[in-house]
Each structure stands twice: as structure tokens, then as C-alpha cells.
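Colleague: Pasting a structure here, questions to come.
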Amino acid sequence: MANLWVKKSVIELQKEASDSEKGLKRTLGAGALVALGIGAIIGAGLFSITGGAAAYNAGPAVTISFIIAAVACALAGLCYAEFASMIPIAGSAYTYSYATMGEFIAWIIGWDLVLEYALGAATVSISWSRYFVKFLGYYAIHLTPGMTMSPWDSATLADGTIVNGIVNLPAVFIVVLVSLLLIKGTRESALVNNFIVLLKVTVVLIFIFLGWGFIDSANYTPYIPDNTGEFGEFGWSGIVRAAGIIFFAYIGFDAVSTAAQEAKNPKRDMPIGILVSLAICTVLYIFFAHVMTGVANYTSFQGADGIAPVAVAIEHMGTAGADGVIQPAYPWLNKAIIIAILAGYSSVIMVMLLGQSRVFFSMSKDGLLPKVFSAVHPKFGTPSKSNLLFMVFVSLFAAFVPARVVGEMTSIGTLLAFVLVCAGIIVLRKTQPNVPRGFKTPWVPLVPILGILSCLAMMVALPGDTWLRLLIWLAVGFAIYFGYSVRNSKLNNPNK
């Protein structure tokens, strides 16, 4: 009978981290890790989800929702920082859980992270495709609808004809391009990511500074709209529901921890990468949401999806003519926003695919997955075969599955990971208090407990069908674990 609760030794993990000859190349400094975090965090959530959360859940108080989500992330981030400085191994929450709560919990987390990384990358690539088509349309380049949608999606042409999709080629293109870049090397990927981060942060700052002068304080009244009688529709329950939804916009800072084995000085640089990237993005998010709901009333965003929430805000940045129609002061800003979204999606896909391959790298090294996921390219020093496999998997998902994978599914999977990481800090402080730590989470157990409670609160606020999908996904993972992983686990089968 296998021991489901067998743990990995922290000392052995630290020894494994020091062996760089057979491992991944250490090429990332603190600045690159901060940029990696920002690249993962600023993306679909900021540009697309903010408007919907304001329109249907929180109103102008969506800024409070961002603060709630940020506090939960900060509490979890402090726990991540301690683990990443103590166990600088690729694998993130999976590895941390293996060292504190045992193999079975570690498997749950590793399988759970597929929701965040692989399926998240596929979903974002589908959105990237939609915006890429919009961008080409500005220059009278029109792709055939059948080549930009899945077979289950349809579009209505100008003449009223309804056409069905065949394959989403732009989505496949961006997944393949990013995967090949990741195979080439983490340093090269980081350089591209740094440029993308600079571009989209610049556009976000332009939106904030230009929009600030067009804020109408009347749009903030009421700041917290009265609840409609339904949980999650305005009022404080709406603010909490919005926090759970826009939590998707913060997902990514934990991906920094998956690159721990490629950090030059993980004990110093990992906490900096995690906490600084989270702090920068939180400030940008709050100001962005404040400007968006200030230049346009939150009800203006109802029915808007994709780029529309931002476009609605930009259209209100102007002066009303004699006919009462607002003439936008910055008509060029919509194109800039599209470029920022394309860049933002690209970097999110990059970091998600990077994180996914590193998690499976660690699981494969432990025998829970086939060896192909931990094979390192002799020249590039990257898990190239794993990258190729996920390139195919994510590409197929992006090409043939419609974009109905909601952000709540990714959010609940990540929140579950955060809960277990926070719990792991409490366990490890009790069981192994003397293990060297480059960074220590302050006020233990208060900070981890608050992290657990805040994440659970946002999980509870998510819709019930999201919980059902999570349980189904975990059931599939259990089947794989008991069918393959238990029999091949190196800790459970040391002589195999």
C-alpha cells in the first residue's frame, strides 16, 4: 500500500537546487523576475474583466474589489516568498505541498495548476485571436471567419449570413510562436517579455494620465450601488463577488515561483520578484479602475465584452458637441489599447506555458508523470519536449474549443493552490522550524490564516457550477494518480 502522505525532505530539495549542472540554467535576476511577474499579471483581466465586474457586480466600488483581491494575493505572496527562498526548485505550489503535506496533496495541486496554466493559456490565445482580427481590420485586412473560430462558434456577416468556424488559426499561431521562443531559452524569453511589459505598462499609464482629466465625480454616486436582492449583484456581496471574478486579473505572480530554479540568487530575488510585481500591478489596477469608472458610468459597461469596456471609457474622454454627442479627444488610443492587449496576452501566454512546463518538470522528476516532461534540451537547457507536448495540447484546445472557459474556473483553481500554500507555511514552521530560510513570512500563523480565510471567502463567492467543474477536474486527476503516479512515484517506489 502506497503512502499517500510521504513527504519530500526540504534538505534534499535544497541540495537538488544547488545541483545546477543537470538542472535548468540560472539566468534570471531580480529585475527579470519582477518583469516576469508583471508580464503574467497585466493581461486579460485588466482590460476585459474590470468593466464587467463594475457593470454587474460592484459598480464604482470595483476599486475596493481590487484591494480585497490584492490583500488576499499579498498574504499568499508572503507565503510563496518564504517557500521560494527556502525551496528554490521549479514546481511552485506543487513542490511546496510535497515538502509539507505529502504526495497526495502535492498531486492535487500539480493537477490543479493545469487549470491555471495550460487551459488558461489556451483561453487567452483564443482572446488574442479575436483582438488580432480586430487589429488587422483597421488596415482593411480581413481573415476568413471560418479560419478564426472554432467549429462550435459562429458569426453573422454584414449581409446577415451566418457562418460557422472551422479552426482558429491565429490562436494556434501565437501558441506555437511563444512555445518555440520558450524552447529557445528562458533568457531570450525574458528579454522579449521585458519589452512587452514596458509596452503595455506604458499604455496603461497613458490611459490613466489622459483619462484623469475627464473624470466626472457624479459617476461615483452611488459608490456602492444598492444590492438588487440577489447575492453578488451590487452591495457588499457584489464587491466580494467582483473580487473573486477579478482575482483572475492577479493570477500570474505565483508563476514567478515556478522559475525559482532559473533564478541567479533565488533566496534574495524570488521574494523581490513576487512581492514587487504584485505591488506594482495592484497600484496600476486601482488607478485604472478608478479612471475607467470615473470617465464613464458603470452602467455604460453593461453588454460590453472584450475590448468594449475600455473603448467605452475612451469614448467618454472628450467634450460634448452642440448635439450632445461626445467627441473623443484621443481617437488613436483605441488602437494603442489593442496593441497593448495583444502584447499583454502574448506575455501572459508565455508565462503560463513557462509555468506549466516547470510544474510538470518537477512532477516528472518525482516519477508522478512520464520522464518526457523532465527531459532537458542539451543545448538550450529548457524542457523542450514538455514545451512541444504542451504546444500541441494547447494549440488543439485553442483551435477547436470555443472561448467559453470562464475566468472563474481559473480563479478557483488558483485560489485552492493559495489556500494550501498558506497552510503549508504553518505546517512547516511547526515541523521544521530550523530549516534555513532566505525570507520569513511575518506574523505566522496570523498572515497564513488570514490568507486562507480571504481566499476561501472569494472561492465561496464564486458561482456553484464553478465548484462542480473543479470537482470533475479533480476526479480525473485522482484517476491518473491512482492509475499511474502511485506506481511510479520515486518516494513510494525507491527501488524501481
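Naming works like this for the C-alpha cells: A, B, ... for the chains as they're shown, residue 1 at the start of each chain, ligands 1 onward in shown order.
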Could you pull out the strand (DSSP E or B) residues of range 46-264 of chain A from DSSP and send them as a PyMOL selection string?
Modeller: chain A and resi 148+154-156+162-164+168+263
Colleague: Save out the residues we just selected, all heavy atoms, as a JSON list (two decimals), in the first residue's frame.
Modeller:
```json
[["chain", "number", "residue", "atom", "x", "y", "z"],
["A", 148, "THR", "N", -10.85, 31.71, -38.15],
["A", 148, "THR", "CA", -10.55, 32.42, -36.90],
["A", 148, "THR", "C", -11.49, 32.02, -35.76],
["A", 148, "THR", "O", -11.51, 32.67, -34.72],
["A", 148, "THR", "CB", -10.67, 33.94, -37.12],
["A", 148, "THR", "OG1", -12.01, 34.26, -37.53],
["A", 148, "THR", "CG2", -9.69, 34.40, -38.18],
["A", 154, "SER", "N", -19.91, 30.73, -34.24],
["A", 154, "SER", "CA", -20.46, 31.25, -35.48],
["A", 154, "SER", "C", -20.41, 32.77, -35.47],
["A", 154, "SER", "O", -20.27, 33.39, -34.41],
["A", 154, "SER", "CB", -21.91, 30.78, -35.67],
["A", 154, "SER", "OG", -22.74, 31.25, -34.62],
["A", 155, "ALA", "N", -20.53, 33.36, -36.65],
["A", 155, "ALA", "CA", -20.51, 34.82, -36.78],
["A", 155, "ALA", "C", -21.54, 35.23, -37.82],
["A", 155, "ALA", "O", -21.82, 34.49, -38.77],
["A", 155, "ALA", "CB", -19.11, 35.30, -37.18],
["A", 156, "THR", "N", -22.10, 36.41, -37.63],
["A", 156, "THR", "CA", -23.07, 36.95, -38.58],
["A", 156, "THR", "C", -22.38, 38.01, -39.45],
["A", 156, "THR", "O", -21.84, 39.00, -38.93],
["A", 156, "THR", "CB", -24.26, 37.59, -37.85],
["A", 156, "THR", "OG1", -24.87, 36.61, -37.00],
["A", 156, "THR", "CG2", -25.29, 38.10, -38.84],
["A", 162, "ILE", "N", -25.02, 33.74, -41.67],
["A", 162, "ILE", "CA", -24.38, 33.15, -40.51],
["A", 162, "ILE", "C", -23.38, 32.10, -40.97],
["A", 162, "ILE", "O", -23.73, 31.18, -41.71],
["A", 162, "ILE", "CB", -25.41, 32.51, -39.56],
["A", 162, "ILE", "CG1", -26.38, 33.58, -39.03],
["A", 162, "ILE", "CG2", -24.71, 31.83, -38.38],
["A", 162, "ILE", "CD1", -27.47, 33.03, -38.14],
["A", 163, "VAL", "N", -22.13, 32.25, -40.56],
["A", 163, "VAL", "CA", -21.08, 31.31, -40.94],
["A", 163, "VAL", "C", -20.52, 30.65, -39.69],
["A", 163, "VAL", "O", -20.41, 31.28, -38.64],
["A", 163, "VAL", "CB", -19.95, 32.01, -41.72],
["A", 163, "VAL", "CG1", -20.45, 32.53, -43.06],
["A", 163, "VAL", "CG2", -19.35, 33.15, -40.91],
["A", 164, "ASN", "N", -20.18, 29.37, -39.81],
["A", 164, "ASN", "CA", -19.59, 28.62, -38.70],
["A", 164, "ASN", "C", -18.07, 28.58, -38.85],
["A", 164, "ASN", "O", -17.54, 28.62, -39.96],
["A", 164, "ASN", "CB", -20.14, 27.20, -38.67],
["A", 164, "ASN", "CG", -21.60, 27.17, -38.28],
["A", 164, "ASN", "OD1", -22.03, 27.89, -37.39],
["A", 164, "ASN", "ND2", -22.39, 26.32, -38.95],
["A", 168, "ASN", "N", -9.34, 27.84, -35.44],
["A", 168, "ASN", "CA", -8.86, 29.15, -35.02],
["A", 168, "ASN", "C", -7.35, 29.22, -35.25],
["A", 168, "ASN", "O", -6.55, 28.97, -34.35],
["A", 168, "ASN", "CB", -9.19, 29.40, -33.54],
["A", 168, "ASN", "CG", -9.06, 30.85, -33.15],
["A", 168, "ASN", "OD1", -8.30, 31.60, -33.76],
["A", 168, "ASN", "ND2", -9.80, 31.25, -32.14],
["A", 263, "ALA", "N", 16.54, 31.16, -11.33],
["A", 263, "ALA", "CA", 16.92, 32.44, -10.74],
["A", 263, "ALA", "C", 18.39, 32.40, -10.32],
["A", 263, "ALA", "O", 18.87, 31.39, -9.80],
["A", 263, "ALA", "CB", 16.04, 32.74, -9.53]]
```
Colleague: Counting only C-alpha atoms, which residues of range 64-128 of chain A fall within 12 Å of range 452-469 of chain A, and what is the closest atom pair for each with its distance in Å at one decimal, ordered by chain and rising number, as CSV?
Modeller:
```
residue,atom,partner,partner_atom,distance
A:Ser65,CA,A:Met458,CA,10.4
A:Ile67,CA,A:Ser454,CA,11.8
A:Ile68,CA,A:Ser454,CA,8.2
A:Ala69,CA,A:Met458,CA,8.3
A:Ala70,CA,A:Ser454,CA,10.3
A:Val71,CA,A:Ser454,CA,8.2
A:Ala72,CA,A:Ser454,CA,5.6
A:Cys73,CA,A:Cys455,CA,8.3
A:Ala74,CA,A:Ser454,CA,10.7
A:Leu75,CA,A:Ile452,CA,8.6
A:Ala76,CA,A:Ile452,CA,8.0
A:Gly77,CA,A:Ile452,CA,11.8
A:Cys79,CA,A:Ile452,CA,10.8
A:Asp112,CA,A:Arg469,CA,11.6
A:Leu115,CA,A:Arg469,CA,10.6
```
Colleague: Create the file for the chosen residues now, containing N, CA and C atoms and written as an mmCIF file, in the first residue's frame.
Modeller:
```
data_model
loop_
_atom_site.group_PDB
_atom_site.id
_atom_site.type_symbol
_atom_site.label_atom_id
_atom_site.label_comp_id
_atom_site.auth_asym_id
_atom_site.auth_seq_id
_atom_site.Cartn_x
_atom_site.Cartn_y
_atom_site.Cartn_z
ATOM 1 N N SER A 65 -12.924 46.036 -4.691
ATOM 2 C CA SER A 65 -12.756 44.626 -5.058
ATOM 3 C C SER A 65 -11.304 44.332 -5.397
ATOM 4 N N ILE A 67 -8.756 45.916 -4.236
ATOM 5 C CA ILE A 67 -7.985 45.960 -2.991
ATOM 6 C C ILE A 67 -8.150 44.654 -2.216
ATOM 7 N N ILE A 68 -9.388 44.130 -2.159
ATOM 8 C CA ILE A 68 -9.634 42.864 -1.468
ATOM 9 C C ILE A 68 -8.832 41.732 -2.114
ATOM 10 N N ALA A 69 -8.905 41.663 -3.437
ATOM 11 C CA ALA A 69 -8.154 40.622 -4.150
ATOM 12 C C ALA A 69 -6.654 40.791 -3.938
ATOM 13 N N ALA A 70 -6.196 42.056 -3.918
ATOM 14 C CA ALA A 70 -4.768 42.315 -3.735
ATOM 15 C C ALA A 70 -4.298 41.898 -2.349
ATOM 16 N N VAL A 71 -5.132 42.153 -1.323
ATOM 17 C CA VAL A 71 -4.767 41.769 0.045
ATOM 18 C C VAL A 71 -4.633 40.253 0.148
ATOM 19 N N ALA A 72 -5.592 39.532 -0.453
ATOM 20 C CA ALA A 72 -5.517 38.070 -0.443
ATOM 21 C C ALA A 72 -4.259 37.593 -1.165
ATOM 22 N N CYS A 73 -3.951 38.226 -2.298
ATOM 23 C CA CYS A 73 -2.749 37.848 -3.045
ATOM 24 C C CYS A 73 -1.487 38.173 -2.258
ATOM 25 N N ALA A 74 -1.483 39.327 -1.571
ATOM 26 C CA ALA A 74 -0.306 39.711 -0.790
ATOM 27 C C ALA A 74 -0.055 38.727 0.348
ATOM 28 N N LEU A 75 -1.135 38.309 1.020
ATOM 29 C CA LEU A 75 -0.983 37.338 2.105
ATOM 30 C C LEU A 75 -0.422 36.022 1.579
ATOM 31 N N ALA A 76 -0.976 35.571 0.461
ATOM 32 C CA ALA A 76 -0.456 34.348 -0.154
ATOM 33 C C ALA A 76 0.948 34.584 -0.703
ATOM 34 N N GLY A 77 1.201 35.784 -1.246
ATOM 35 C CA GLY A 77 2.510 36.098 -1.805
ATOM 36 C C GLY A 77 3.612 36.046 -0.765
ATOM 37 N N CYS A 79 3.669 34.082 1.771
ATOM 38 C CA CYS A 79 3.914 32.648 1.990
ATOM 39 C C CYS A 79 4.695 32.059 0.826
ATOM 40 N N ASP A 112 -4.166 20.620 -10.291
ATOM 41 C CA ASP A 112 -4.987 21.819 -10.214
ATOM 42 C C ASP A 112 -4.360 22.979 -10.996
ATOM 43 N N LEU A 115 -5.230 23.880 -14.641
ATOM 44 C CA LEU A 115 -6.339 24.801 -14.902
ATOM 45 C C LEU A 115 -5.824 26.217 -15.083
#
```
Colleague: For Leu4 in chain A, work out the shell of residues within 8 Å, counting only C-alpha atoms and skipping chain neighbours fewer than 6 positions away, then give it as an NGL selection string.
Modeller: :A and (102-104)
Colleague: Output N, CA and C atoms for every residue in that selection, as an mmCIF file, in the first residue's frame.
Modeller:
```
data_model
loop_
_atom_site.group_PDB
_atom_site.id
_atom_site.type_symbol
_atom_site.label_atom_id
_atom_site.label_comp_id
_atom_site.auth_asym_id
_atom_site.auth_seq_id
_atom_site.Cartn_x
_atom_site.Cartn_y
_atom_site.Cartn_z
ATOM 1 N N GLY A 102 2.620 16.244 1.927
ATOM 2 C CA GLY A 102 2.682 14.914 1.359
ATOM 3 C C GLY A 102 2.335 14.832 -0.112
ATOM 4 N N GLU A 103 2.580 13.636 -0.670
ATOM 5 C CA GLU A 103 2.492 13.430 -2.111
ATOM 6 C C GLU A 103 1.079 13.610 -2.668
ATOM 7 N N PHE A 104 0.081 13.113 -1.965
ATOM 8 C CA PHE A 104 -1.288 13.173 -2.496
ATOM 9 C C PHE A 104 -1.759 14.620 -2.637
#
```
Colleague: What is the CA of Met352 in chain A-CA of Phe207 in chain A distance in Å, reported with one decimal?
Modeller: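 Atom-to-atom, CA of Met352 in chain A and CA of Phe207 in chain A are spaced 26.1 Å apart.
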Colleague: Between CA of Gly252 in chain A and CA of Ser347 in chain A, what distance in Å does the model show, to one decimal?
Modeller: 10.5 Å
Colleague: For Phe390 in chain A, which of A:Val114, A:Tyr345, A:Ser411, A:Phe47 is the closest residue, counting only C-alpha atoms?
Modeller: A:Val114
Colleague: May I have the residues within 8 Å of Gly39 in chain A as a ChimeraX atom specification, using only C-alpha atoms and disregarding those fewer than 2 positions away in the same chain?
Modeller: /A:35-37,41-43,193-194,196-197,252,344,347-348,351
Colleague: Using only C-alpha atoms, which of A:Trp443, A:Phe393, A:Tyr117, A:Trp111 sits nearest Arg429 in chain A?
Modeller: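 Ranked by minimum distance to Arg429 in chain A, first place goes to A:Trp443.
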Colleague: Between CA of Gly110 in chain A and CA of Ser48 in chain A, measure the distance and give it in Å to one decimal.
Modeller: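 The value is 27.8 Å.
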Colleague: Identify which of the residues A:Ile425, A:Val376, A:Ile246, A:Leu470 lies closest to Gly451 in chain A, counting only C-alpha atoms when measuring atom-to-atom distances.
Modeller: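 Looking only at the distances to Gly451 in chain A, the closest residue turns out to be A:Ile425.
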Colleague: Using only C-alpha atoms, pick whichever of A:Leu199, A:Ile341, A:Ile349, A:Val435 has the shortest atom-to-atom distance to Gly120 in chain A.
Modeller: A:Ile349
Colleague: With only C-alpha atoms as the basis for distance, which of A:Tyr223, A:Leu333, A:Val283, A:Val10 is at the shortest distance from Gly235 in chain A?
Modeller: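 Among the listed residues, A:Tyr223 lies closest to Gly235 in chain A.
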Colleague: I need the residues in range 160-383 of chain A that are alpha helix (DSSP H) according to DSSP; give them as a PyMOL selection string.
Modeller: chain A and resi 169-184+186-212+235-246+266-295+308-315+333-365
Colleague: With a distance cut-off of 12 Å and only C-alpha atoms, select the neighbouring residues of Phe397 in chain A, excluding the residue or stretch itself and same-chain residues fewer than 4 positions from it, and output the selection as a PyMOL selection string.
Modeller: chain A and resi 118-126+149-151+167-169+171-172+175+390-393+401-405
Colleague: Can you spit out the residues from that selection as a short mmCIF file (atom, residue, chain, number, x, y, z; two decimals), in the first residue's frame, using C-alpha atoms?
Modeller:
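Saved as selection.cif:
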```cif
data_model
loop_
_atom_site.label_atom_id
_atom_site.label_comp_id
_atom_site.auth_asym_id
_atom_site.auth_seq_id
_atom_site.Cartn_x
_atom_site.Cartn_y
_atom_site.Cartn_z
CA ALA A 118 -2.37 25.18 -19.75
CA LEU A 119 -6.10 25.81 -20.03
CA GLY A 120 -5.55 29.43 -19.11
CA ALA A 121 -3.02 29.81 -21.94
CA ALA A 122 -5.47 28.25 -24.41
CA THR A 123 -8.25 30.58 -23.31
CA VAL A 124 -6.05 33.65 -23.57
CA SER A 125 -4.83 32.59 -27.01
CA ILE A 126 -8.44 32.47 -28.24
CA MET A 149 -13.19 30.48 -34.92
CA SER A 150 -13.75 27.01 -33.55
CA PRO A 151 -16.32 24.70 -35.20
CA VAL A 167 -10.32 26.24 -36.96
CA ASN A 168 -8.86 29.15 -35.02
CA LEU A 169 -5.56 29.60 -36.83
CA ALA A 171 -4.76 31.26 -31.77
CA VAL A 172 -2.63 28.33 -32.92
CA VAL A 175 0.77 29.39 -29.08
CA PHE A 390 2.01 21.43 -24.38
CA MET A 391 2.32 23.36 -27.63
CA VAL A 392 0.31 20.62 -29.34
CA PHE A 393 -2.19 20.23 -26.47
CA VAL A 401 -12.73 24.67 -28.48
CA PRO A 402 -14.86 27.83 -28.15
CA ALA A 403 -13.88 30.56 -25.72
CA ARG A 404 -16.37 29.56 -23.05
CA VAL A 405 -13.80 28.65 -20.44
#
```
Colleague: Which residue, A:His377, A:Lys267, A:Lys184, A:Lys134, has the smallest gap to Ala84 in chain A when you use only C-alpha atoms?
Modeller: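 Closest residue, counting only C-alpha atoms: A:Lys267.
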Colleague: Mind checking which residues fall within 12 Å of Asn297 in chain A, counting only C-alpha atoms, ignoring those fewer than 5 positions away in the same chain, and posting them as a PyMOL selection string?
Modeller: chain A and resi 51+54-55+59-61+215-223+225+289-292+302+309+312-313+316
